[in-house]
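**Student:** I have a structure I would like to understand better, so I am pasting it below and will then ask my questions one at a time.
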Amino acid sequence: MSYSYTARPPKVRAMANWATFSVLLAVVVIMLGAWTRLVDAGLGCPDWPGCYGFIKVPQSDSHIAIANARFPDTPVDVAKGWPEMIHRYAAGTLGLVVFGLAASAIRQRRSGVPFKLPLFIAAFILLQGAFGMWTVTLKLWPQVVALHLLGGFTTLSLLTLLVLRLRKFSAGQAVTPTAARVTPNKPEHLLPAWQVFAPGSSAACY
């Protein structure tokens with residue numbers, strides 16, 4: 001492994017800080033998703049991305065009447081609606097941060113900043129958002145719920161990798177493409193992913 005050291009612009013350090021914030025926010029999103037599941041609020045809002053057609057949980061008598069008319073089979077339950085919407089607000093904020101990182105990476109790509117990984121994460125966030133929508137529209141179909149959970153941990157892992165690369169780059173250290181890489185070519189390399197997916201798929205069935 002060989003290294004080179006050069007001065008990096010302040011914007012790269014700012015990007016690394018935002019990436020660190022996105023990791024922390026991803027942890028919060030995962031925890032909020034768990035909270036939503038624990039309080040049985042996965043269908044607290046029967047539509048997506050809003051809640052009964054509103055941008056927040058309907059609370060006034062008039063809004064609740066409208067919501068119940070729109071979805072007569074799922075009457076409004078404010079106590080379950082808010083956990084779901086708070087989770088969506090946090091996930092939406094994470095998406096905006098990730099898209100900002102991708103845009104910043106594109107603007108600074110001539111400086112050598114990693115930009116393929118931010119773009120991949122941005123695309124993956126769109127897929128994760130789709131799974132969030134399918135979780136609701138398919139009425140908590142267990143396979144979709146499990147994949148949505150796995151997608152959350154994958155997002156967290158990718159963002160952590162981005163932080164490590166950006167901090168190394170902002171410090172003026174560039175690793176050559178010949179640097180050692182770990183490839184999941186052994187069963188034990190896949191064990192961490194299985195340890196997340198197996199309990200998640202089981203929990204999704206209850």
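By convention in this document, the chains of the structure tokens carry letters A, B, ... by their order, each chain's residues are numbered from 1, and ligands are numbered from 1 in the order they are shown.
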Please identify all polymer residues within 10 Å of Gly95 of chain A, counting only C-alpha atoms, omitting same-chain residues fewer than 4 positions from it, and present them as a VMD selection string.

**Tutor:** chain A and resid 22 26 89 to 91 99 to 101 121 to 122 124 to 126 128 to 129

**Student:** May I have the selected residues written with C-alpha atoms, as a tab-separated table (two decimals), in the first residue's frame?

**Tutor:**
chain	number	residue	atom	x	y	z
A	22	SER	CA	-25.21	11.30	8.02
A	26	ALA	CA	-28.66	6.81	9.84
A	89	TYR	CA	-39.16	12.81	8.60
A	90	ALA	CA	-35.79	11.52	9.83
A	91	ALA	CA	-35.39	9.25	6.79
A	99	PHE	CA	-28.10	13.88	-2.05
A	100	GLY	CA	-26.16	16.94	-0.85
A	101	LEU	CA	-23.06	14.79	-0.40
A	121	ILE	CA	-25.30	5.72	-1.86
A	122	ALA	CA	-27.69	8.31	-3.30
A	124	PHE	CA	-29.34	3.18	-2.92
A	125	ILE	CA	-31.25	5.71	-0.80
A	126	LEU	CA	-33.83	5.94	-3.59
A	128	GLN	CA	-34.45	2.20	0.24
A	129	GLY	CA	-37.18	4.83	-0.03

**Student:** Among segment 23-186 of chain A, which ones does DSSP assign to helix (DSSP H, G or I) (computed from the backbone)? Answer as a count of residues only.

**Tutor:** 110

**Student:** Would you mind listing, for every residue of segment 82-146 of chain A within 10 Å of segment 53-74 of chain A, the two atoms forming the shortest contact and the distance between them in Å to one decimal, using only C-alpha atoms, sorted by chain and ascending residue number, as a Markdown table?

**Tutor:**
| residue | atom | partner | partner_atom | distance |
| --- | --- | --- | --- | --- |
| A:Trp82 | CA | A:Val57 | CA | 6.3 |
| A:Pro83 | CA | A:Val57 | CA | 9.8 |
| A:Glu84 | CA | A:Val57 | CA | 9.3 |
| A:Met85 | CA | A:Lys56 | CA | 6.9 |
| A:Ile86 | CA | A:Lys56 | CA | 9.1 |
| A:Tyr89 | CA | A:Lys56 | CA | 9.6 |

**Student:** Those residues with C-alpha atoms, as a JSON list (two decimals), in the first residue's frame please?

**Tutor:**
[["chain", "number", "residue", "atom", "x", "y", "z"],
["A", 82, "TRP", "CA", -46.65, 10.03, 14.96],
["A", 83, "PRO", "CA", -43.99, 7.30, 15.38],
["A", 84, "GLU", "CA", -44.34, 6.45, 11.71],
["A", 85, "MET", "CA", -44.20, 10.08, 10.56],
["A", 86, "ILE", "CA", -41.24, 10.94, 12.81],
["A", 89, "TYR", "CA", -39.16, 12.81, 8.60]]

**Student:** Counting only C-alpha atoms, figure out which residue out of A:Val97, A:Leu117, A:Arg37, A:Leu150 gets nearest to Leu164 of chain A.

**Tutor:** A:Leu117

**Student:** Which one of A:Leu138, A:Ala171, A:Met15, A:Val23 sits closest to Trp48 of chain A if you count only C-alpha atoms?

**Tutor:**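 With only C-alpha atoms as the atom set, the closest residue is A:Leu138.
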
**Student:** Can you tell me, as a short mmCIF file (atom, residue, chain, number, x, y, z; two decimals) with N, CA and C atoms, in the first residue's frame, what residues are no more than 12 Å from Val39 of chain A when counting only C-alpha atoms, ignoring any on the same chain fewer than 5 positions away?

**Tutor:**
data_model
loop_
_atom_site.label_atom_id
_atom_site.label_comp_id
_atom_site.auth_asym_id
_atom_site.auth_seq_id
_atom_site.Cartn_x
_atom_site.Cartn_y
_atom_site.Cartn_z
N LEU A 32 -35.37 4.69 15.11
CA LEU A 32 -36.77 5.11 14.98
C LEU A 32 -37.60 4.04 14.27
N GLY A 33 -36.99 3.37 13.29
CA GLY A 33 -37.69 2.28 12.63
C GLY A 33 -38.00 1.15 13.61
N ALA A 34 -37.04 0.85 14.50
CA ALA A 34 -37.27 -0.18 15.51
C ALA A 34 -38.38 0.25 16.46
N GLY A 44 -49.29 3.06 10.90
CA GLY A 44 -49.92 4.20 11.56
C GLY A 44 -50.42 5.22 10.58
N ALA A 79 -51.75 8.20 18.12
CA ALA A 79 -50.64 7.64 18.89
C ALA A 79 -49.74 6.75 18.03
N LYS A 80 -50.30 6.13 16.98
CA LYS A 80 -49.50 5.30 16.09
C LYS A 80 -49.03 6.06 14.85
N GLY A 81 -49.73 7.12 14.54
CA GLY A 81 -49.34 7.89 13.36
C GLY A 81 -48.04 8.65 13.55
N TRP A 82 -47.84 9.21 14.74
CA TRP A 82 -46.65 10.03 14.96
C TRP A 82 -45.34 9.24 14.92
N PRO A 83 -45.24 8.05 15.52
CA PRO A 83 -43.99 7.30 15.38
C PRO A 83 -43.61 7.04 13.93
N GLU A 84 -44.61 6.70 13.12
CA GLU A 84 -44.34 6.45 11.71
C GLU A 84 -43.90 7.71 10.99
#

**Student:** Counting only C-alpha atoms, figure out which residue out of A:Ile106, A:Ala123, A:Val27, A:Val113 gets nearest to His87 of chain A.

**Tutor:**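 Among the listed residues, A:Val27 lies closest to His87 of chain A.
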
**Student:** I'd like the neighbourhood of Leu25 of chain A as a VMD selection string, where a residue qualifies if any of its atoms comes within 9 Å (using only C-alpha atoms), though same-chain residues fewer than 3 positions away should be ignored.

**Tutor:** chain A and resid 20 to 22 28 to 30 90 to 91 93 to 94

**Student:** Just the selected residues (C-alpha atoms), exported as a CSV table (one decimal), in the first residue's frame, please.

**Tutor:**
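The new file selection.csv reads:
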chain,number,residue,atom,x,y,z
A,20,THR,CA,-20.2,11.9,9.7
A,21,PHE,CA,-23.5,13.6,10.5
A,22,SER,CA,-25.2,11.3,8.0
A,28,VAL,CA,-31.2,7.5,14.5
A,29,VAL,CA,-33.3,6.4,11.5
A,30,ILE,CA,-32.7,2.7,12.3
A,90,ALA,CA,-35.8,11.5,9.8
A,91,ALA,CA,-35.4,9.3,6.8
A,93,THR,CA,-33.7,14.3,6.1
A,94,LEU,CA,-31.1,11.6,5.7

**Student:** For Arg165 of chain A, which residue among A:Pro75, A:Ser111, A:Ala19, A:Pro10 is the nearest when counting only C-alpha atoms?

**Tutor:**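 Looking at the shortest contact to Arg165 of chain A, the residue is A:Ala19.
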
**Student:** Go through A:Cys51, A:Leu38, A:Val98, A:Phe169 one by one, measure the shortest atom-to-atom distance of each to Leu156 of chain A using only C-alpha atoms, and give the residue with the smallest value.

**Tutor:**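 Under the stated criterion, the closest residue is A:Val98.
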
**Student:** Using only C-alpha atoms, can you tell me which of A:Met133, A:Leu166, A:Leu127, A:Ala103 comes closest to Gly50 of chain A?

**Tutor:**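 Ranked by minimum distance to Gly50 of chain A, first place goes to A:Met133.
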